[in-house]
$ cat target-v2.pdb   # PDB, C-alpha atoms
MODEL        1
ATOM      1  CA  GLN A  36      95.018  91.492 112.213  1.00  0.00           C
ATOM      2  CA  VAL A  37      92.047  92.260 109.984  1.00  0.00           C
ATOM      3  CA  GLN A  38      90.095  89.161 109.052  1.00  0.00           C
ATOM      4  CA  LEU A  39      86.770  87.759 107.929  1.00  0.00           C
ATOM      5  CA  VAL A  40      85.483  84.591 109.586  1.00  0.00           C
ATOM      6  CA  GLU A  41      82.807  82.337 108.157  1.00  0.00           C
ATOM      7  CA  SER A  42      80.705  79.815 110.043  1.00  0.00           C
ATOM      8  CA  GLY A  43      77.648  77.648 109.525  1.00  0.00           C
ATOM      9  CA  GLY A  44      78.757  75.208 106.867  1.00  0.00           C
ATOM     10  CA  GLY A  45      78.128  71.497 107.105  1.00  0.00           C
ATOM     11  CA  LEU A  46      76.562  68.416 105.563  1.00  0.00           C
ATOM     12  CA  VAL A  47      72.908  68.513 104.556  1.00  0.00           C
ATOM     13  CA  GLN A  48      70.607  66.427 102.411  1.00  0.00           C
ATOM     14  CA  ALA A  49      69.215  67.764  99.147  1.00  0.00           C
ATOM     15  CA  GLY A  50      66.219  69.965  99.821  1.00  0.00           C
ATOM     16  CA  GLY A  51      67.555  71.034 103.194  1.00  0.00           C
ATOM     17  CA  SER A  52      68.700  74.413 104.477  1.00  0.00           C
ATOM     18  CA  LEU A  53      71.807  76.004 105.943  1.00  0.00           C
ATOM     19  CA  ARG A  54      72.627  79.493 107.167  1.00  0.00           C
ATOM     20  CA  LEU A  55      76.124  80.850 106.726  1.00  0.00           C
ATOM     21  CA  SER A  56      77.492  83.720 108.787  1.00  0.00           C
ATOM     22  CA  CYS A  57      80.400  86.065 108.204  1.00  0.00           C
ATOM     23  CA  ALA A  58      81.887  88.448 110.737  1.00  0.00           C
ATOM     24  CA  ALA A  59      84.770  90.886 110.410  1.00  0.00           C
ATOM     25  CA  SER A  60      87.184  91.607 113.212  1.00  0.00           C
ATOM     26  CA  ARG A  61      89.473  94.585 113.819  1.00  0.00           C
ATOM     27  CA  ILE A  62      87.810  96.608 111.084  1.00  0.00           C
ATOM     28  CA  ILE A  63      86.636 100.118 111.915  1.00  0.00           C
ATOM     29  CA  PHE A  64      85.283 101.060 108.514  1.00  0.00           C
ATOM     30  CA  ARG A  65      82.193  99.644 106.793  1.00  0.00           C
ATOM     31  CA  PHE A  66      82.647  97.610 103.648  1.00  0.00           C
ATOM     32  CA  ASN A  67      81.150  99.081 100.464  1.00  0.00           C
ATOM     33  CA  THR A  68      80.171  95.613  99.318  1.00  0.00           C
ATOM     34  CA  MET A  69      80.132  92.208 100.959  1.00  0.00           C
ATOM     35  CA  GLY A  70      79.476  88.951  99.237  1.00  0.00           C
ATOM     36  CA  TRP A  71      79.538  85.187  99.174  1.00  0.00           C
ATOM     37  CA  TYR A  72      81.492  83.179  96.642  1.00  0.00           C
ATOM     38  CA  ARG A  73      81.889  79.437  96.302  1.00  0.00           C
ATOM     39  CA  GLN A  74      84.343  77.035  94.766  1.00  0.00           C
ATOM     40  CA  ALA A  75      83.479  73.468  93.845  1.00  0.00           C
ATOM     41  CA  PRO A  76      86.224  70.854  93.405  1.00  0.00           C
ATOM     42  CA  GLY A  77      87.984  71.333  90.091  1.00  0.00           C
ATOM     43  CA  LYS A  78      86.115  74.534  89.313  1.00  0.00           C
ATOM     44  CA  GLN A  79      86.825  78.235  89.544  1.00  0.00           C
ATOM     45  CA  ARG A  80      85.516  80.374  92.356  1.00  0.00           C
ATOM     46  CA  GLU A  81      82.168  81.883  91.422  1.00  0.00           C
ATOM     47  CA  LEU A  82      79.910  84.601  92.742  1.00  0.00           C
ATOM     48  CA  VAL A  83      76.905  83.495  94.773  1.00  0.00           C
ATOM     49  CA  ALA A  84      75.480  86.772  96.057  1.00  0.00           C
ATOM     50  CA  THR A  85      76.527  90.290  97.011  1.00  0.00           C
ATOM     51  CA  ILE A  86      75.049  93.092  99.098  1.00  0.00           C
ATOM     52  CA  THR A  87      76.077  96.731  99.129  1.00  0.00           C
ATOM     53  CA  SER A  88      76.153  99.111 102.070  1.00  0.00           C
ATOM     54  CA  SER A  89      72.914 100.632 100.727  1.00  0.00           C
ATOM     55  CA  GLY A  90      71.225  97.226 100.778  1.00  0.00           C
ATOM     56  CA  SER A  91      71.229  96.410  97.072  1.00  0.00           C
ATOM     57  CA  THR A  92      71.580  92.708  96.381  1.00  0.00           C
ATOM     58  CA  ASN A  93      72.726  90.626  93.447  1.00  0.00           C
ATOM     59  CA  TYR A  94      72.451  86.852  92.974  1.00  0.00           C
ATOM     60  CA  ALA A  95      73.825  84.262  90.632  1.00  0.00           C
ATOM     61  CA  ASP A  96      71.052  82.869  88.440  1.00  0.00           C
ATOM     62  CA  SER A  97      71.627  79.399  89.872  1.00  0.00           C
ATOM     63  CA  VAL A  98      70.635  80.484  93.397  1.00  0.00           C
ATOM     64  CA  LYS A  99      67.896  83.061  92.741  1.00  0.00           C
ATOM     65  CA  GLY A 100      64.759  82.241  94.675  1.00  0.00           C
ATOM     66  CA  ARG A 101      66.595  79.797  96.957  1.00  0.00           C
ATOM     67  CA  PHE A 102      69.320  81.859  98.671  1.00  0.00           C
ATOM     68  CA  THR A 103      68.978  85.142 100.560  1.00  0.00           C
ATOM     69  CA  ILE A 104      71.871  87.418 101.499  1.00  0.00           C
ATOM     70  CA  SER A 105      71.434  89.858 104.364  1.00  0.00           C
ATOM     71  CA  GLU A 106      73.364  92.135 106.682  1.00  0.00           C
ATOM     72  CA  GLY A 107      73.479  91.688 110.405  1.00  0.00           C
ATOM     73  CA  ASN A 108      72.821  94.360 113.004  1.00  0.00           C
ATOM     74  CA  ALA A 109      76.513  94.572 113.841  1.00  0.00           C
ATOM     75  CA  LYS A 110      78.737  96.358 111.368  1.00  0.00           C
ATOM     76  CA  ASN A 111      80.365  94.119 108.769  1.00  0.00           C
ATOM     77  CA  THR A 112      78.331  91.027 109.562  1.00  0.00           C
ATOM     78  CA  MET A 113      76.549  89.135 106.858  1.00  0.00           C
ATOM     79  CA  TYR A 114      74.422  86.036 106.404  1.00  0.00           C
ATOM     80  CA  LEU A 115      73.476  83.689 103.603  1.00  0.00           C
ATOM     81  CA  GLN A 116      70.277  81.728 104.075  1.00  0.00           C
ATOM     82  CA  MET A 117      70.334  78.745 101.741  1.00  0.00           C
ATOM     83  CA  ASN A 118      67.112  76.826 101.137  1.00  0.00           C
ATOM     84  CA  SER A 119      66.193  74.006  98.777  1.00  0.00           C
ATOM     85  CA  LEU A 120      69.838  73.010  98.575  1.00  0.00           C
ATOM     86  CA  LYS A 121      71.001  70.890  95.658  1.00  0.00           C
ATOM     87  CA  PRO A 122      74.071  68.649  95.288  1.00  0.00           C
ATOM     88  CA  GLU A 123      75.487  71.173  92.819  1.00  0.00           C
ATOM     89  CA  ASP A 124      75.588  73.739  95.647  1.00  0.00           C
ATOM     90  CA  THR A 125      78.409  71.738  97.218  1.00  0.00           C
ATOM     91  CA  GLY A 126      81.651  73.642  97.648  1.00  0.00           C
ATOM     92  CA  VAL A 127      83.707  75.879  99.868  1.00  0.00           C
ATOM     93  CA  TYR A 128      81.880  79.125 100.536  1.00  0.00           C
ATOM     94  CA  TYR A 129      83.965  82.262 101.021  1.00  0.00           C
ATOM     95  CA  CYS A 130      83.021  85.575 102.559  1.00  0.00           C
ATOM     96  CA  ASN A 131      84.330  88.678 100.789  1.00  0.00           C
ATOM     97  CA  GLY A 132      84.472  92.326 101.744  1.00  0.00           C
ATOM     98  CA  VAL A 133      85.451  95.269  99.550  1.00  0.00           C
ATOM     99  CA  TRP A 134      86.367  98.776 100.699  1.00  0.00           C
ATOM    100  CA  GLY A 135      87.988 100.915  98.038  1.00  0.00           C
ATOM    101  CA  ALA A 136      91.060  99.020  96.865  1.00  0.00           C
ATOM    102  CA  LEU A 137      90.925  96.673  99.858  1.00  0.00           C
ATOM    103  CA  ASN A 138      89.554  93.243  98.989  1.00  0.00           C
ATOM    104  CA  LEU A 139      89.387  90.796 101.915  1.00  0.00           C
ATOM    105  CA  TRP A 140      88.570  87.087 101.922  1.00  0.00           C
ATOM    106  CA  GLY A 141      87.712  84.670 104.676  1.00  0.00           C
ATOM    107  CA  GLN A 142      89.177  81.186 104.991  1.00  0.00           C
ATOM    108  CA  GLY A 143      86.021  79.517 103.718  1.00  0.00           C
ATOM    109  CA  THR A 144      83.478  77.075 105.109  1.00  0.00           C
ATOM    110  CA  GLN A 145      82.590  73.746 103.539  1.00  0.00           C
ATOM    111  CA  VAL A 146      79.031  73.068 102.397  1.00  0.00           C
ATOM    112  CA  THR A 147      78.221  69.543 101.273  1.00  0.00           C
ATOM    113  CA  VAL A 148      74.808  68.612  99.901  1.00  0.00           C
ATOM    114  CA  SER A 149      74.111  64.901  99.569  1.00  0.00           C
ATOM    115  CA  SER A 150      71.646  63.503  97.064  1.00  0.00           C
TER     116      SER A 150
ENDMDL
END
$ encode --input "target-v2.pdb" --output "structure tokens"
Amino acid sequence: QVQLVESGGGLVQAGGSLRLSCAASRIIFRFNTMGWYRQAPGKQRELVATITSSGSTNYADSVKGRFTISEGNAKNTMYLQMNSLKPEDTGVYYCNGVWGALNLWGQGTQVTVSS
């Protein structure tokens, strides 16, 4: 079964850092685009950052300068380095991978930033 698995979430104080990881299993192709999205309680899921297979990146304005998305050495692995975390960064963070019409999501990992 094809799946994306996130890890690295947790509880951190404001100003702290976390690193999220995403790995794909049973996938032989390379995603065109991978990304991180988040959903806060009572809010819609929103884009955090994306990276294409050519290395182009895109960030939400709210995380520019604080978060860095990167690819791992293994195919279809991805990271999100989150620094200077704020309480408003709290939410469930989802890994996403797109290949043509295929759009895959992970189960999500909880990030909680305390003030």
$ residues_around --input "target-v2.pdb" --residues "Asn93 in chain A" --least-positions-apart "2" --cutoff "10 Å" --atoms "all atoms listed in the file" --output "number ranges by chain"
A: 70, 82-87, 90-91, 95-96, 99, 103-104
$ residues_around --input "target-v2.pdb" --residues "range 136-147 of chain A" --least-positions-apart "5" --cutoff "12 Å" --atoms "all atoms listed in the file" --output "PDB file with C-alpha atoms, in the frame of the given file"
ATOM      1  CA  GLN A  36      95.018  91.492 112.213  1.00  0.00           C
ATOM      2  CA  VAL A  37      92.047  92.260 109.984  1.00  0.00           C
ATOM      3  CA  GLN A  38      90.095  89.161 109.052  1.00  0.00           C
ATOM      4  CA  LEU A  39      86.770  87.759 107.929  1.00  0.00           C
ATOM      5  CA  VAL A  40      85.483  84.591 109.586  1.00  0.00           C
ATOM      6  CA  GLU A  41      82.807  82.337 108.157  1.00  0.00           C
ATOM      7  CA  SER A  42      80.705  79.815 110.043  1.00  0.00           C
ATOM      8  CA  GLY A  43      77.648  77.648 109.525  1.00  0.00           C
ATOM      9  CA  GLY A  44      78.757  75.208 106.867  1.00  0.00           C
ATOM     10  CA  GLY A  45      78.128  71.497 107.105  1.00  0.00           C
ATOM     11  CA  LEU A  46      76.562  68.416 105.563  1.00  0.00           C
ATOM     12  CA  VAL A  47      72.908  68.513 104.556  1.00  0.00           C
ATOM     13  CA  GLN A  48      70.607  66.427 102.411  1.00  0.00           C
ATOM     14  CA  ALA A  49      69.215  67.764  99.147  1.00  0.00           C
ATOM     15  CA  GLY A  51      67.555  71.034 103.194  1.00  0.00           C
ATOM     16  CA  SER A  52      68.700  74.413 104.477  1.00  0.00           C
ATOM     17  CA  LEU A  53      71.807  76.004 105.943  1.00  0.00           C
ATOM     18  CA  ARG A  54      72.627  79.493 107.167  1.00  0.00           C
ATOM     19  CA  LEU A  55      76.124  80.850 106.726  1.00  0.00           C
ATOM     20  CA  SER A  56      77.492  83.720 108.787  1.00  0.00           C
ATOM     21  CA  CYS A  57      80.400  86.065 108.204  1.00  0.00           C
ATOM     22  CA  ALA A  58      81.887  88.448 110.737  1.00  0.00           C
ATOM     23  CA  ALA A  59      84.770  90.886 110.410  1.00  0.00           C
ATOM     24  CA  SER A  60      87.184  91.607 113.212  1.00  0.00           C
ATOM     25  CA  ILE A  62      87.810  96.608 111.084  1.00  0.00           C
ATOM     26  CA  PHE A  64      85.283 101.060 108.514  1.00  0.00           C
ATOM     27  CA  ARG A  65      82.193  99.644 106.793  1.00  0.00           C
ATOM     28  CA  PHE A  66      82.647  97.610 103.648  1.00  0.00           C
ATOM     29  CA  ASN A  67      81.150  99.081 100.464  1.00  0.00           C
ATOM     30  CA  THR A  68      80.171  95.613  99.318  1.00  0.00           C
ATOM     31  CA  MET A  69      80.132  92.208 100.959  1.00  0.00           C
ATOM     32  CA  GLY A  70      79.476  88.951  99.237  1.00  0.00           C
ATOM     33  CA  TRP A  71      79.538  85.187  99.174  1.00  0.00           C
ATOM     34  CA  TYR A  72      81.492  83.179  96.642  1.00  0.00           C
ATOM     35  CA  ARG A  73      81.889  79.437  96.302  1.00  0.00           C
ATOM     36  CA  GLN A  74      84.343  77.035  94.766  1.00  0.00           C
ATOM     37  CA  ALA A  75      83.479  73.468  93.845  1.00  0.00           C
ATOM     38  CA  PRO A  76      86.224  70.854  93.405  1.00  0.00           C
ATOM     39  CA  ARG A  80      85.516  80.374  92.356  1.00  0.00           C
ATOM     40  CA  ASN A 111      80.365  94.119 108.769  1.00  0.00           C
ATOM     41  CA  MET A 117      70.334  78.745 101.741  1.00  0.00           C
ATOM     42  CA  LEU A 120      69.838  73.010  98.575  1.00  0.00           C
ATOM     43  CA  LYS A 121      71.001  70.890  95.658  1.00  0.00           C
ATOM     44  CA  PRO A 122      74.071  68.649  95.288  1.00  0.00           C
ATOM     45  CA  GLU A 123      75.487  71.173  92.819  1.00  0.00           C
ATOM     46  CA  ASP A 124      75.588  73.739  95.647  1.00  0.00           C
ATOM     47  CA  THR A 125      78.409  71.738  97.218  1.00  0.00           C
ATOM     48  CA  GLY A 126      81.651  73.642  97.648  1.00  0.00           C
ATOM     49  CA  VAL A 127      83.707  75.879  99.868  1.00  0.00           C
ATOM     50  CA  TYR A 128      81.880  79.125 100.536  1.00  0.00           C
ATOM     51  CA  TYR A 129      83.965  82.262 101.021  1.00  0.00           C
ATOM     52  CA  CYS A 130      83.021  85.575 102.559  1.00  0.00           C
ATOM     53  CA  ASN A 131      84.330  88.678 100.789  1.00  0.00           C
TER      54      ASN A 131
END
$ closest_residue --input "target-v2.pdb" --among "A:Val148, A:Glu81, A:Val133, A:Arg61" --to "Ser97 in chain A" --atoms "only C-alpha atoms"
A:Glu81
$ atom_distance --input "target-v2.pdb" --atom1 "CA of Asn118 in chain A" --atom2 "CA of Thr92 in chain A"
17.2 Å
$ atom_distance --input "target-v2.pdb" --atom1 "CA of Phe102 in chain A" --atom2 "CA of Gly50 in chain A"
12.3 Å
$ atom_distance --input "target-v2.pdb" --atom1 "CA of Tyr114 in chain A" --atom2 "CA of Gly77 in chain A"
25.8 Å
$ axis_aligned_box --input "target-v2.pdb" --around "range 111-117 of chain A" --padding-each-side "3 Å" --output "JSON"
{"center_x": 75.3, "center_y": 86.4, "center_z": 105.7, "size_x": 16.1, "size_y": 21.4, "size_z": 13.8}
$ residues_near_point --input "target-v2.pdb" --point "(75.8, 94.6, 106.8)" --cutoff "6 Å" --atoms "only C-alpha atoms" --output "list of chain:residue names"
A:Glu106, A:Gly107, A:Lys110, A:Asn111, A:Thr112, A:Met113
$ write_last_selection --input "target-v2.pdb" --atoms "C-alpha atoms" --output "CSV table (one decimal), keeping the file's coordinate frame"
chain,number,residue,atom,x,y,z
A,106,GLU,CA,73.4,92.1,106.7
A,107,GLY,CA,73.5,91.7,110.4
A,110,LYS,CA,78.7,96.4,111.4
A,111,ASN,CA,80.4,94.1,108.8
A,112,THR,CA,78.3,91.0,109.6
A,113,MET,CA,76.5,89.1,106.9
$ closest_residue --input "target-v2.pdb" --among "A:Gln79, A:Trp134, A:Ser89, A:Arg101" --to "Gln116 in chain A" --atoms "all atoms listed in the file"
A:Arg101
